[in-house]
$ cat input-v5.json   # JSON, C-alpha atoms
[["chain", "number", "residue", "atom", "x", "y", "z"],
["A", 1141, "MET", "CA", -87.79, -9.76, 9.52],
["A", 1142, "THR", "CA", -89.29, -7.29, 7.26],
["A", 1143, "ALA", "CA", -87.84, -6.33, 3.91],
["A", 1144, "ARG", "CA", -86.82, -2.93, 5.28],
["A", 1145, "GLN", "CA", -84.76, -4.50, 8.07],
["A", 1146, "VAL", "CA", -83.02, -6.83, 5.65],
["A", 1147, "ALA", "CA", -82.00, -3.88, 3.46],
["A", 1148, "ARG", "CA", -80.55, -2.05, 6.45],
["A", 1149, "GLN", "CA", -78.41, -5.02, 7.41],
["A", 1150, "ARG", "CA", -77.03, -5.27, 3.87],
["A", 1151, "ARG", "CA", -76.09, -1.61, 3.84],
["A", 1152, "ARG", "CA", -74.41, -2.02, 7.25],
["A", 1153, "ARG", "CA", -72.34, -5.00, 5.96],
["A", 1154, "ARG", "CA", -71.23, -3.02, 2.89],
["A", 1155, "ARG", "CA", -70.05, -0.14, 5.08],
["A", 1156, "LEU", "CA", -68.15, -2.57, 7.36],
["A", 1157, "VAL", "CA", -66.49, -4.28, 4.40],
["A", 1158, "LEU", "CA", -65.61, -0.93, 2.80],
["A", 1159, "GLY", "CA", -64.19, 0.40, 6.08],
["A", 1160, "ALA", "CA", -62.16, -2.75, 6.60],
["A", 1161, "THR", "CA", -60.83, -2.50, 3.07],
["A", 1162, "LEU", "CA", -59.86, 1.14, 3.54],
["A", 1163, "ALA", "CA", -58.19, 0.33, 6.87],
["A", 1164, "LEU", "CA", -56.19, -2.50, 5.33],
["A", 1165, "THR", "CA", -55.17, -0.27, 2.42],
["A", 1166, "ALA", "CA", -54.04, 2.53, 4.76],
["A", 1167, "ALA", "CA", -52.10, 0.07, 6.88],
["A", 1168, "SER", "CA", -50.38, -1.35, 3.80],
["A", 1169, "VAL", "CA", -49.43, 2.14, 2.57],
["A", 1170, "LEU", "CA", -48.10, 3.10, 6.00],
["A", 1171, "ALA", "CA", -46.06, -0.10, 6.24],
["A", 1172, "TYR", "CA", -44.69, 0.53, 2.77],
["A", 1173, "LEU", "CA", -43.64, 4.07, 3.58],
["A", 1174, "VAL", "CA", -41.98, 3.01, 6.84],
["A", 1175, "THR", "CA", -40.08, 0.27, 5.04],
["A", 1176, "ALA", "CA", -39.00, 2.68, 2.29],
["A", 1177, "LEU", "CA", -37.59, 5.14, 4.75],
["A", 1178, "LEU", "CA", -35.38, 2.59, 6.49],
["A", 1179, "PRO", "CA", -31.60, 3.35, 5.90],
["A", 1180, "GLY", "CA", -29.86, 1.31, 3.19],
["A", 1181, "HIS", "CA", -33.14, 0.25, 1.58],
["A", 1182, "LYS", "CA", -33.47, 1.13, -2.09],
["A", 1183, "VAL", "CA", -36.85, 1.79, -3.53],
["A", 1184, "ASP", "CA", -37.64, 1.86, -7.18],
["A", 1185, "ALA", "CA", -39.67, 4.99, -7.24],
["A", 1186, "GLY", "CA", -40.19, 4.90, -10.94],
["A", 1187, "PRO", "CA", -38.58, 7.17, -13.55],
["A", 1188, "ALA", "CA", -36.72, 10.05, -11.89],
["A", 1189, "ALA", "CA", -35.68, 13.43, -13.30],
["A", 1190, "ALA", "CA", -32.75, 13.12, -15.73],
["A", 1191, "THR", "CA", -29.36, 14.26, -14.36],
["A", 1192, "PRO", "CA", -26.53, 15.45, -16.58],
["A", 1193, "PRO", "CA", -23.81, 12.83, -17.07],
["A", 1194, "VAL", "CA", -20.57, 13.44, -15.18],
["A", 1195, "SER", "CA", -17.76, 14.19, -17.65],
["A", 1196, "THR", "CA", -14.40, 12.55, -17.11],
["A", 1197, "GLN", "CA", -12.63, 15.22, -19.20],
["A", 1198, "PRO", "CA", -10.52, 17.86, -17.33],
["A", 1199, "LYS", "CA", -12.07, 21.26, -17.02],
["A", 1200, "ALA", "CA", -10.84, 23.94, -19.36],
["A", 1201, "SER", "CA", -8.52, 26.57, -17.97],
["A", 1202, "ARG", "CA", -10.20, 29.75, -16.87],
["A", 1203, "THR", "CA", -7.64, 31.89, -18.54],
["A", 1204, "ALA", "CA", -6.99, 31.58, -22.22],
["A", 1205, "GLY", "CA", -3.46, 30.65, -23.09],
["A", 1206, "THR", "CA", -2.61, 29.17, -19.69],
["A", 1207, "ALA", "CA", -0.37, 26.15, -19.95],
["A", 1208, "SER", "CA", -1.75, 22.82, -18.80],
["A", 1209, "PRO", "CA", -0.63, 21.68, -15.34],
["A", 1210, "SER", "CA", 1.44, 18.87, -16.84],
["A", 1211, "ALA", "CA", 3.46, 21.18, -19.07],
["A", 1212, "THR", "CA", 7.13, 21.48, -18.06],
["A", 1213, "PRO", "CA", 8.25, 25.12, -17.91],
["A", 1214, "SER", "CA", 11.31, 25.95, -19.97],
["A", 1215, "PRO", "CA", 14.31, 27.14, -17.94],
["A", 1216, "SER", "CA", 14.60, 30.89, -17.86],
["A", 1217, "SER", "CA", 17.65, 32.31, -19.56],
["A", 1218, "SER", "CA", 20.51, 33.48, -17.42],
["A", 1219, "PRO", "CA", 20.57, 37.21, -16.85],
["A", 1220, "SER", "CA", 22.90, 38.96, -19.25],
["A", 1221, "PRO", "CA", 25.73, 40.62, -17.56],
["A", 1222, "SER", "CA", 24.78, 44.24, -16.93],
["A", 1223, "GLY", "CA", 22.02, 43.95, -19.55],
["A", 1224, "SER", "CA", 24.49, 43.47, -22.39],
["A", 1225, "THR", "CA", 23.28, 41.81, -25.59],
["A", 1226, "SER", "CA", 26.79, 41.02, -26.73],
["A", 1227, "PRO", "CA", 27.31, 37.60, -28.36],
["A", 1228, "LYS", "CA", 28.98, 34.90, -26.35],
["A", 1229, "SER", "CA", 32.57, 34.01, -26.97],
["A", 1230, "LYS", "CA", 33.00, 31.09, -29.36],
["A", 1231, "LYS", "CA", 35.65, 29.51, -27.17],
["A", 1232, "PRO", "CA", 35.18, 28.83, -23.46],
["A", 1233, "PRO", "CA", 37.27, 31.07, -21.22],
["A", 1234, "LYS", "CA", 40.57, 29.65, -20.09],
["A", 1235, "GLU", "CA", 41.19, 29.62, -16.41],
["A", 1236, "ALA", "CA", 44.47, 31.18, -15.43],
["A", 1237, "LYS", "CA", 46.61, 29.05, -13.15],
["A", 1238, "ALA", "CA", 46.95, 30.41, -9.66],
["A", 1239, "SER", "CA", 50.54, 30.94, -8.58],
["A", 1240, "SER", "CA", 49.88, 29.76, -5.03],
["A", 1241, "LYS", "CA", 47.17, 28.34, -2.84],
["A", 1242, "GLY", "CA", 44.53, 30.92, -2.02],
["A", 1243, "ALA", "CA", 45.47, 33.16, -4.95],
["A", 1244, "PRO", "CA", 42.56, 34.78, -6.83],
["A", 1245, "LYS", "CA", 41.16, 32.85, -9.78],
["A", 1246, "SER", "CA", 40.98, 34.59, -13.12],
["A", 1247, "SER", "CA", 39.46, 34.01, -16.54],
["A", 1248, "ARG", "CA", 39.40, 35.78, -19.89],
["A", 1249, "THR", "CA", 36.59, 36.23, -22.43],
["A", 1250, "SER", "CA", 35.80, 38.55, -25.32],
["A", 1251, "THR", "CA", 32.66, 40.50, -26.14],
["A", 1252, "THR", "CA", 31.51, 43.27, -28.43],
["A", 1253, "PRO", "CA", 33.44, 46.46, -27.64],
["A", 1254, "PRO", "CA", 31.41, 48.81, -25.42],
["A", 1255, "SER", "CA", 30.38, 52.19, -26.69],
["A", 1256, "ALA", "CA", 33.47, 54.30, -27.25],
["A", 1257, "GLY", "CA", 34.11, 57.32, -25.09],
["A", 1258, "ARG", "CA", 35.83, 60.50, -26.23],
["A", 1259, "ILE", "CA", 39.24, 58.82, -26.42],
["A", 1260, "ARG", "CA", 39.04, 56.11, -29.05],
["A", 1261, "PRO", "CA", 41.53, 53.57, -30.39],
["A", 1262, "ASN", "CA", 43.29, 54.24, -33.71],
["A", 1263, "THR", "CA", 42.44, 57.94, -33.53],
["A", 1264, "SER", "CA", 44.83, 60.87, -33.49],
["A", 1265, "TYR", "CA", 44.05, 64.02, -31.50],
["A", 1266, "GLN", "CA", 45.49, 67.51, -31.69],
["A", 1267, "GLY", "CA", 46.11, 69.78, -28.76],
["A", 1268, "VAL", "CA", 48.74, 71.45, -26.69],
["A", 1269, "ALA", "CA", 51.10, 70.14, -24.03],
["A", 1270, "THR", "CA", 51.82, 72.02, -20.81],
["A", 1271, "ALA", "CA", 53.76, 71.04, -17.71],
["A", 1272, "TYR", "CA", 53.05, 70.79, -13.96],
["A", 1273, "GLU", "CA", 54.86, 69.74, -10.82],
["A", 1274, "ALA", "CA", 53.58, 66.19, -10.23],
["A", 1275, "GLY", "CA", 55.16, 65.54, -6.84],
["A", 1276, "VAL", "CA", 55.26, 61.76, -6.23],
["A", 1277, "GLY", "CA", 53.00, 61.12, -9.19],
["A", 1278, "ASP", "CA", 49.68, 60.73, -7.42],
["A", 1279, "GLY", "CA", 46.61, 62.55, -8.74],
["A", 1280, "ALA", "CA", 42.83, 62.52, -9.21],
["A", 1281, "CYS", "CA", 42.92, 58.88, -10.36],
["A", 1282, "LEU", "CA", 44.15, 57.94, -6.86],
["A", 1283, "PHE", "CA", 46.62, 55.33, -8.10],
["A", 1284, "GLY", "CA", 49.15, 56.49, -5.51],
["A", 1285, "PRO", "CA", 52.83, 57.29, -6.07],
["A", 1286, "SER", "CA", 54.02, 56.51, -9.58],
["A", 1287, "PRO", "CA", 56.97, 54.13, -10.12],
["A", 1288, "ASP", "CA", 58.20, 56.57, -12.77],
["A", 1289, "MET", "CA", 57.30, 60.14, -13.60],
["A", 1290, "MET", "CA", 56.23, 59.53, -17.19],
["A", 1291, "ILE", "CA", 52.70, 60.59, -16.28],
["A", 1292, "ALA", "CA", 50.19, 63.27, -17.27],
["A", 1293, "ALA", "CA", 46.91, 64.96, -16.40],
["A", 1294, "MET", "CA", 44.09, 64.82, -18.98],
["A", 1295, "ASN", "CA", 41.83, 67.83, -19.57],
["A", 1296, "THR", "CA", 38.43, 67.53, -17.84],
["A", 1297, "THR", "CA", 36.51, 67.03, -21.09],
["A", 1298, "ASP", "CA", 38.63, 64.08, -22.24],
["A", 1299, "TYR", "CA", 39.09, 62.88, -18.66],
["A", 1300, "GLU", "CA", 35.40, 61.96, -18.88],
["A", 1301, "THR", "CA", 34.63, 61.13, -15.25],
["A", 1302, "SER", "CA", 37.94, 59.24, -14.82],
["A", 1303, "ARG", "CA", 37.44, 57.14, -17.94],
["A", 1304, "ALA", "CA", 40.89, 58.22, -19.12],
["A", 1305, "CYS", "CA", 42.55, 57.06, -15.89],
["A", 1306, "GLY", "CA", 45.32, 54.56, -16.54],
["A", 1307, "ALA", "CA", 45.29, 55.08, -20.30],
["A", 1308, "TYR", "CA", 48.68, 55.10, -22.04],
["A", 1309, "VAL", "CA", 49.04, 57.97, -24.49],
["A", 1310, "LEU", "CA", 51.73, 58.48, -27.12],
["A", 1311, "VAL", "CA", 52.48, 62.23, -27.35],
["A", 1312, "ARG", "CA", 54.26, 63.58, -30.43],
["A", 1313, "ALA", "CA", 55.69, 67.07, -30.66],
["A", 1314, "ALA", "CA", 56.09, 69.08, -33.85],
["A", 1315, "ASN", "CA", 59.86, 68.81, -33.47],
["A", 1316, "GLY", "CA", 59.65, 65.04, -34.06],
["A", 1317, "LYS", "CA", 60.21, 63.95, -30.43],
["A", 1318, "SER", "CA", 57.71, 61.66, -28.68],
["A", 1319, "ILE", "CA", 56.98, 60.23, -25.24],
["A", 1320, "THR", "CA", 54.50, 57.68, -23.87],
["A", 1321, "VAL", "CA", 52.80, 58.75, -20.65],
["A", 1322, "ARG", "CA", 50.17, 57.24, -18.34],
["A", 1323, "ILE", "CA", 47.16, 59.33, -17.34],
["A", 1324, "THR", "CA", 47.04, 59.62, -13.54],
["A", 1325, "ASN", "CA", 45.46, 63.03, -13.02],
["A", 1326, "GLU", "CA", 42.85, 65.51, -14.25],
["A", 1327, "CYS", "CA", 43.63, 68.96, -15.62],
["A", 1328, "PRO", "CA", 40.67, 71.25, -14.79],
["A", 1329, "LEU", "CA", 39.68, 74.41, -16.63],
["A", 1330, "PRO", "CA", 41.17, 76.36, -18.28],
["A", 1331, "CYS", "CA", 42.66, 73.17, -19.77],
["A", 1332, "ALA", "CA", 40.91, 72.83, -23.12],
["A", 1333, "PRO", "CA", 39.80, 69.66, -24.96],
["A", 1334, "GLY", "CA", 42.85, 67.99, -26.50],
["A", 1335, "GLN", "CA", 45.23, 69.52, -23.96],
["A", 1336, "ILE", "CA", 47.50, 67.28, -21.87],
["A", 1337, "ASP", "CA", 49.32, 68.59, -18.83],
["A", 1338, "LEU", "CA", 52.56, 66.59, -18.65],
["A", 1339, "SER", "CA", 54.69, 66.09, -15.60],
["A", 1340, "GLN", "CA", 57.73, 68.32, -15.81],
["A", 1341, "GLN", "CA", 59.89, 65.20, -16.23],
["A", 1342, "ALA", "CA", 57.81, 64.05, -19.24],
["A", 1343, "PHE", "CA", 57.62, 67.53, -20.81],
["A", 1344, "ALA", "CA", 61.40, 67.83, -20.59],
["A", 1345, "LYS", "CA", 61.66, 64.80, -22.92],
["A", 1346, "LEU", "CA", 59.97, 66.85, -25.65],
["A", 1347, "ALA", "CA", 61.19, 70.41, -25.13],
["A", 1348, "ASP", "CA", 62.66, 72.84, -22.66],
["A", 1349, "LEU", "CA", 60.30, 73.74, -19.81],
["A", 1350, "LYS", "CA", 60.71, 77.41, -20.77],
["A", 1351, "VAL", "CA", 58.65, 76.73, -23.91],
["A", 1352, "GLY", "CA", 55.54, 76.59, -21.73],
["A", 1353, "ARG", "CA", 53.04, 75.43, -24.38],
["A", 1354, "LEU", "CA", 53.88, 72.90, -27.05],
["A", 1355, "PRO", "CA", 51.65, 71.90, -30.01],
["A", 1356, "ILE", "CA", 51.19, 68.12, -30.03],
["A", 1357, "THR", "CA", 49.27, 65.21, -31.48],
["A", 1358, "TRP", "CA", 48.46, 62.20, -29.31],
["A", 1359, "SER", "CA", 46.76, 58.80, -29.46],
["A", 1360, "LEU", "CA", 46.10, 55.72, -27.35],
["A", 1361, "VAL", "CA", 48.65, 52.91, -27.24],
["A", 1362, "SER", "CA", 48.91, 49.45, -25.69],
["A", 1363, "PRO", "CA", 52.38, 49.22, -24.14],
["A", 1364, "GLY", "CA", 54.45, 46.05, -23.97],
["A", 1365, "SER", "CA", 55.26, 44.16, -20.80],
["A", 1366, "ILE", "CA", 53.74, 45.97, -17.83],
["A", 1367, "GLY", "CA", 52.93, 43.02, -15.57],
["A", 1368, "THR", "CA", 49.47, 41.99, -14.39],
["A", 1369, "MET", "CA", 46.64, 44.09, -13.00],
["A", 1370, "SER", "CA", 45.74, 44.63, -9.37],
["A", 1371, "ILE", "CA", 42.48, 45.33, -7.55],
["A", 1372, "ARG", "CA", 42.10, 47.67, -4.59],
["A", 1373, "TYR", "CA", 39.10, 48.23, -2.33],
["A", 1374, "LYS", "CA", 38.71, 51.81, -1.16],
["A", 1375, "THR", "CA", 39.25, 52.82, 2.45],
["A", 1376, "GLY", "CA", 36.01, 52.22, 4.36],
["A", 1377, "SER", "CA", 34.86, 49.35, 2.14],
["A", 1378, "SER", "CA", 32.92, 46.48, 3.71],
["A", 1379, "GLN", "CA", 30.14, 44.05, 2.83],
["A", 1380, "TYR", "CA", 27.68, 46.95, 3.10],
["A", 1381, "TRP", "CA", 29.49, 49.51, 0.89],
["A", 1382, "CYS", "CA", 32.56, 49.28, -1.27],
["A", 1383, "GLY", "CA", 34.58, 51.10, -3.88],
["A", 1384, "ILE", "CA", 36.64, 49.01, -6.33],
["A", 1385, "GLN", "CA", 39.63, 50.26, -8.31],
["A", 1386, "VAL", "CA", 41.63, 48.62, -11.11],
["A", 1387, "ILE", "CA", 45.36, 49.38, -11.16],
["A", 1388, "GLY", "CA", 48.01, 48.64, -13.78],
["A", 1389, "HIS", "CA", 45.68, 47.88, -16.70],
["A", 1390, "ARG", "CA", 47.20, 48.02, -20.20],
["A", 1391, "ASN", "CA", 44.08, 49.42, -21.89],
["A", 1392, "PRO", "CA", 41.48, 51.87, -20.56],
["A", 1393, "VAL", "CA", 38.75, 50.25, -18.46],
["A", 1394, "ALA", "CA", 35.30, 50.75, -19.94],
["A", 1395, "ARG", "CA", 33.18, 48.79, -17.46],
["A", 1396, "LEU", "CA", 33.41, 47.00, -14.11],
["A", 1397, "GLU", "CA", 30.80, 44.50, -12.91],
["A", 1398, "VAL", "CA", 30.38, 42.43, -9.76],
["A", 1399, "SER", "CA", 28.70, 39.07, -9.33],
["A", 1400, "THR", "CA", 25.44, 39.21, -7.37],
["A", 1401, "GLY", "CA", 24.56, 35.53, -7.36],
["A", 1402, "GLY", "CA", 21.87, 35.99, -10.00],
["A", 1403, "GLY", "CA", 24.06, 37.65, -12.61],
["A", 1404, "TRP", "CA", 26.40, 40.59, -13.12],
["A", 1405, "ARG", "CA", 25.77, 44.13, -11.91],
["A", 1406, "GLN", "CA", 27.55, 47.07, -13.53],
["A", 1407, "LEU", "CA", 28.85, 49.59, -11.01],
["A", 1408, "PRO", "CA", 28.90, 53.34, -11.65],
["A", 1409, "ARG", "CA", 32.29, 55.01, -11.99],
["A", 1410, "THR", "CA", 33.20, 58.04, -9.91],
["A", 1411, "SER", "CA", 35.40, 61.01, -10.81],
["A", 1412, "PHE", "CA", 38.00, 59.68, -8.34],
["A", 1413, "ASN", "CA", 38.37, 56.45, -10.35],
["A", 1414, "TYR", "CA", 36.52, 53.96, -8.12],
["A", 1415, "PHE", "CA", 33.53, 51.85, -9.11],
["A", 1416, "VAL", "CA", 31.10, 52.05, -6.20],
["A", 1417, "SER", "CA", 28.47, 49.64, -4.87],
["A", 1418, "ALA", "CA", 26.45, 51.91, -2.60],
["A", 1419, "ASP", "CA", 24.36, 49.07, -1.11],
["A", 1420, "GLY", "CA", 27.16, 46.52, -0.80],
["A", 1421, "SER", "CA", 25.83, 44.31, -3.58],
["A", 1422, "GLY", "CA", 28.71, 42.23, -4.99],
["A", 1423, "CYS", "CA", 31.30, 43.45, -2.48],
["A", 1424, "GLY", "CA", 33.80, 40.62, -2.02],
["A", 1425, "LYS", "CA", 32.34, 38.64, -4.94],
["A", 1426, "ALA", "CA", 33.80, 37.96, -8.38],
["A", 1427, "ILE", "CA", 34.76, 41.03, -10.43],
["A", 1428, "ARG", "CA", 34.53, 41.32, -14.21],
["A", 1429, "ILE", "CA", 36.48, 44.09, -15.97],
["A", 1430, "THR", "CA", 35.96, 45.09, -19.61],
["A", 1431, "ASP", "CA", 38.36, 47.24, -21.63],
["A", 1432, "ILE", "CA", 37.51, 49.53, -24.56],
["A", 1433, "TYR", "CA", 38.27, 46.69, -27.01],
["A", 1434, "GLY", "CA", 35.63, 44.42, -25.46],
["A", 1435, "GLU", "CA", 37.96, 42.02, -23.68],
["A", 1436, "GLN", "CA", 36.61, 40.81, -20.34],
["A", 1437, "LEU", "CA", 38.73, 39.64, -17.44],
["A", 1438, "THR", "CA", 37.09, 37.92, -14.47],
["A", 1439, "VAL", "CA", 38.79, 37.77, -11.08],
["A", 1440, "SER", "CA", 37.44, 35.92, -8.05],
["A", 1441, "GLY", "CA", 38.71, 35.01, -4.61],
["A", 1442, "LEU", "CA", 39.54, 38.55, -3.47],
["A", 1443, "ALA", "CA", 38.60, 39.58, 0.05],
["A", 1444, "VAL", "CA", 37.33, 43.04, 0.93],
["A", 1445, "LEU", "CA", 40.61, 44.43, 2.26],
["A", 1446, "PRO", "CA", 40.40, 48.25, 2.33],
["A", 1447, "ASN", "CA", 43.34, 50.11, 0.83],
["A", 1448, "VAL", "CA", 45.24, 46.92, 0.00],
["A", 1449, "LYS", "CA", 46.60, 46.41, -3.51],
["A", 1450, "GLN", "CA", 45.72, 42.79, -4.38],
["A", 1451, "PRO", "CA", 47.49, 41.33, -7.43],
["A", 1452, "THR", "CA", 45.68, 39.23, -10.04],
["A", 1453, "GLN", "CA", 46.90, 36.78, -12.66],
["A", 1454, "VAL", "CA", 45.56, 38.61, -15.73],
["A", 1455, "GLN", "CA", 46.22, 41.50, -18.08],
["A", 1456, "PHE", "CA", 44.44, 42.88, -21.15],
["A", 1457, "ALA", "CA", 45.80, 41.92, -24.56],
["A", 1458, "ARG", "CA", 48.01, 44.30, -26.50],
["A", 1459, "HIS", "CA", 46.52, 46.19, -29.46]]
$ encode --input "input-v5.json" --output "structure tokens"
Amino acid sequence: MTARQVARQRRRRRRLVLGATLALTAASVLAYLVTALLPGHKVDAGPAAATPPVSTQPKASRTAGTASPSATPSPSSSPSPSGSTSPKSKKPPKEAKASSKGAPKSSRTSTTPPSAGRIRPNTSYQGVATAYEAGVGDGACLFGPSPDMMIAAMNTTDYETSRACGAYVLVRAANGKSITVRITNECPLPCAPGQIDLSQQAFAKLADLKVGRLPITWSLVSPGSIGTMSIRYKTGSSQYWCGIQVIGHRNPVARLEVSTGGGWRQLPRTSFNYFVSADGSGCGKAIRITDIYGEQLTVSGLAVLPNVKQPTQVQFARH
């Protein structure tokens, strides 16, 4: 062989060896990649990009001031009856004993006296007394026939949307005579503030009916033994609408509330002396009555019986 032929063979061997080497390298890389992609096989691919460490601390609340989920909420305060901010009684109310099974339950508490109306305790008023034919003693207060005729009608101004209904008034004449009457009616205009229109029977205790008009002074009083109070639901009352009336109370009634399950609701008073729940809320539930001195009497267990006088076991204290 010539030198040129020998050189060609050498170059051919180098190319074969280099090709074989490249083929083996490619096969190894391919095998490696296939193995790496098999499921469950971990490959140490060298240093990877750094990932932020996972914090084990709870995330902050999105809203500032929000309590943590583990915080126990404090119990909300009970709604104040009718929105009153009066202080609670120092002594727990005493339950009155029912006289028989099924009788209404009653309790007594005290509170700050409500805002005084026109007729206030321990105040003397001046006016004039007149007389009217009172019939059986019924009137705008809708109490019904009076057991006695020592009754009177209060002028519209001092009647104050029936607030004077049931009040006991001591009337003194200039001649020194006096009489205690119960307000059962309203004396419309031209009755002036301070004027009281007495039943003829009551006027006759002070002066002859022929006098016509008699200068007087008068003031509120708390009479002695008059029995206990009664509650009456107005004709047409039901669980959907009711009117509630207090009868036989010693002191003027300043407020009447009914239990609504979540607290006490004060009912508006009408000129015909009923406290009305227009939507039926509290009808047939416990009733709480407050007089002008701040004493509260609670009565429960009364059914909605229209036009039925239901006796209770309580009465306001004497002042």
$ closest_atom_pairs --input "input-v5.json" --of "stretch 1301-1386 of chain A" --to "stretch 1414-1419 of chain A" --cutoff "12 Å" --atoms "all atoms listed in the file" --output "Markdown table"
| residue | atom | partner | partner_atom | distance |
| --- | --- | --- | --- | --- |
| A:Thr1301 | CA | A:Tyr1414 | CA | 10.3 |
| A:Ser1302 | CA | A:Tyr1414 | CA | 8.6 |
| A:Arg1303 | CA | A:Tyr1414 | CA | 10.4 |
| A:Cys1305 | CA | A:Tyr1414 | CA | 10.3 |
| A:Ile1371 | CA | A:Tyr1414 | CA | 10.5 |
| A:Arg1372 | CA | A:Tyr1414 | CA | 9.1 |
| A:Tyr1373 | CA | A:Tyr1414 | CA | 8.5 |
| A:Lys1374 | CA | A:Tyr1414 | CA | 7.6 |
| A:Thr1375 | CA | A:Tyr1414 | CA | 11.0 |
| A:Gly1376 | CA | A:Val1416 | CA | 11.6 |
| A:Ser1377 | CA | A:Ser1417 | CA | 9.5 |
| A:Ser1378 | CA | A:Asp1419 | CA | 10.2 |
| A:Gln1379 | CA | A:Asp1419 | CA | 8.6 |
| A:Tyr1380 | CA | A:Asp1419 | CA | 5.8 |
| A:Trp1381 | CA | A:Ala1418 | CA | 5.2 |
| A:Cys1382 | CA | A:Ser1417 | CA | 5.5 |
| A:Gly1383 | CA | A:Val1416 | CA | 4.3 |
| A:Ile1384 | CA | A:Phe1415 | CA | 5.0 |
| A:Gln1385 | CA | A:Tyr1414 | CA | 4.8 |
| A:Val1386 | CA | A:Tyr1414 | CA | 8.0 |
$ atom_distance --input "input-v5.json" --atom1 "atom CA of A:Thr1297" --atom2 "atom CA of A:Ile1323"
13.7 Å
$ residues_around --input "input-v5.json" --residues "A:Arg1428" --least-positions-apart "2" --cutoff "12 Å" --atoms "all atoms listed in the file" --output "MDAnalysis selection string"
chainID A and resid 1221:1222 1245:1250 1371 1384:1386 1393:1400 1403:1407 1415 1422 1425:1426 1430:1431 1434:1440 1454
$ closest_residue --input "input-v5.json" --among "A:Lys1345, A:His1459, A:Leu1360, A:Pro1392" --to "A:Gly1316" --atoms "all atoms listed in the file"
A:Lys1345
$ atom_distance --input "input-v5.json" --atom1 "atom CA of A:Gly1267" --atom2 "atom CA of A:Ile1336"
7.5 Å
$ atom_distance --input "input-v5.json" --atom1 "atom CA of A:Arg1322" --atom2 "atom CA of A:Leu1445"
26.1 Å
$ residues_around --input "input-v5.json" --residues "A:Pro1285" --least-positions-apart "5" --cutoff "6 Å" --atoms "only C-alpha atoms" --output "PyMOL selection string"
chain A and resi 1276-1278
$ closest_residue --input "input-v5.json" --among "A:Val1361, A:Ala1332, A:Ala1342, A:Ile1291" --to "A:Val1309" --atoms "all atoms listed in the file"
A:Val1361
$ residues_around --input "input-v5.json" --residues "A:Ala1457" --least-positions-apart "5" --cutoff "10 Å" --atoms "all atoms listed in the file" --output "JSON, numbers by chain"
{"A": [1362, 1363, 1364, 1389, 1390, 1391, 1431, 1433, 1435]}
$ closest_residue --input "input-v5.json" --among "A:Ser1365, A:Phe1412, A:Leu1329, A:Gly1402" --to "A:Ala1280" --atoms "all atoms listed in the file"
A:Phe1412
$ closest_residue --input "input-v5.json" --among "A:Val1321, A:Ile1387, A:Ile1366, A:Ala1344" --to "A:Asn1413" --atoms "only C-alpha atoms"
A:Ile1387
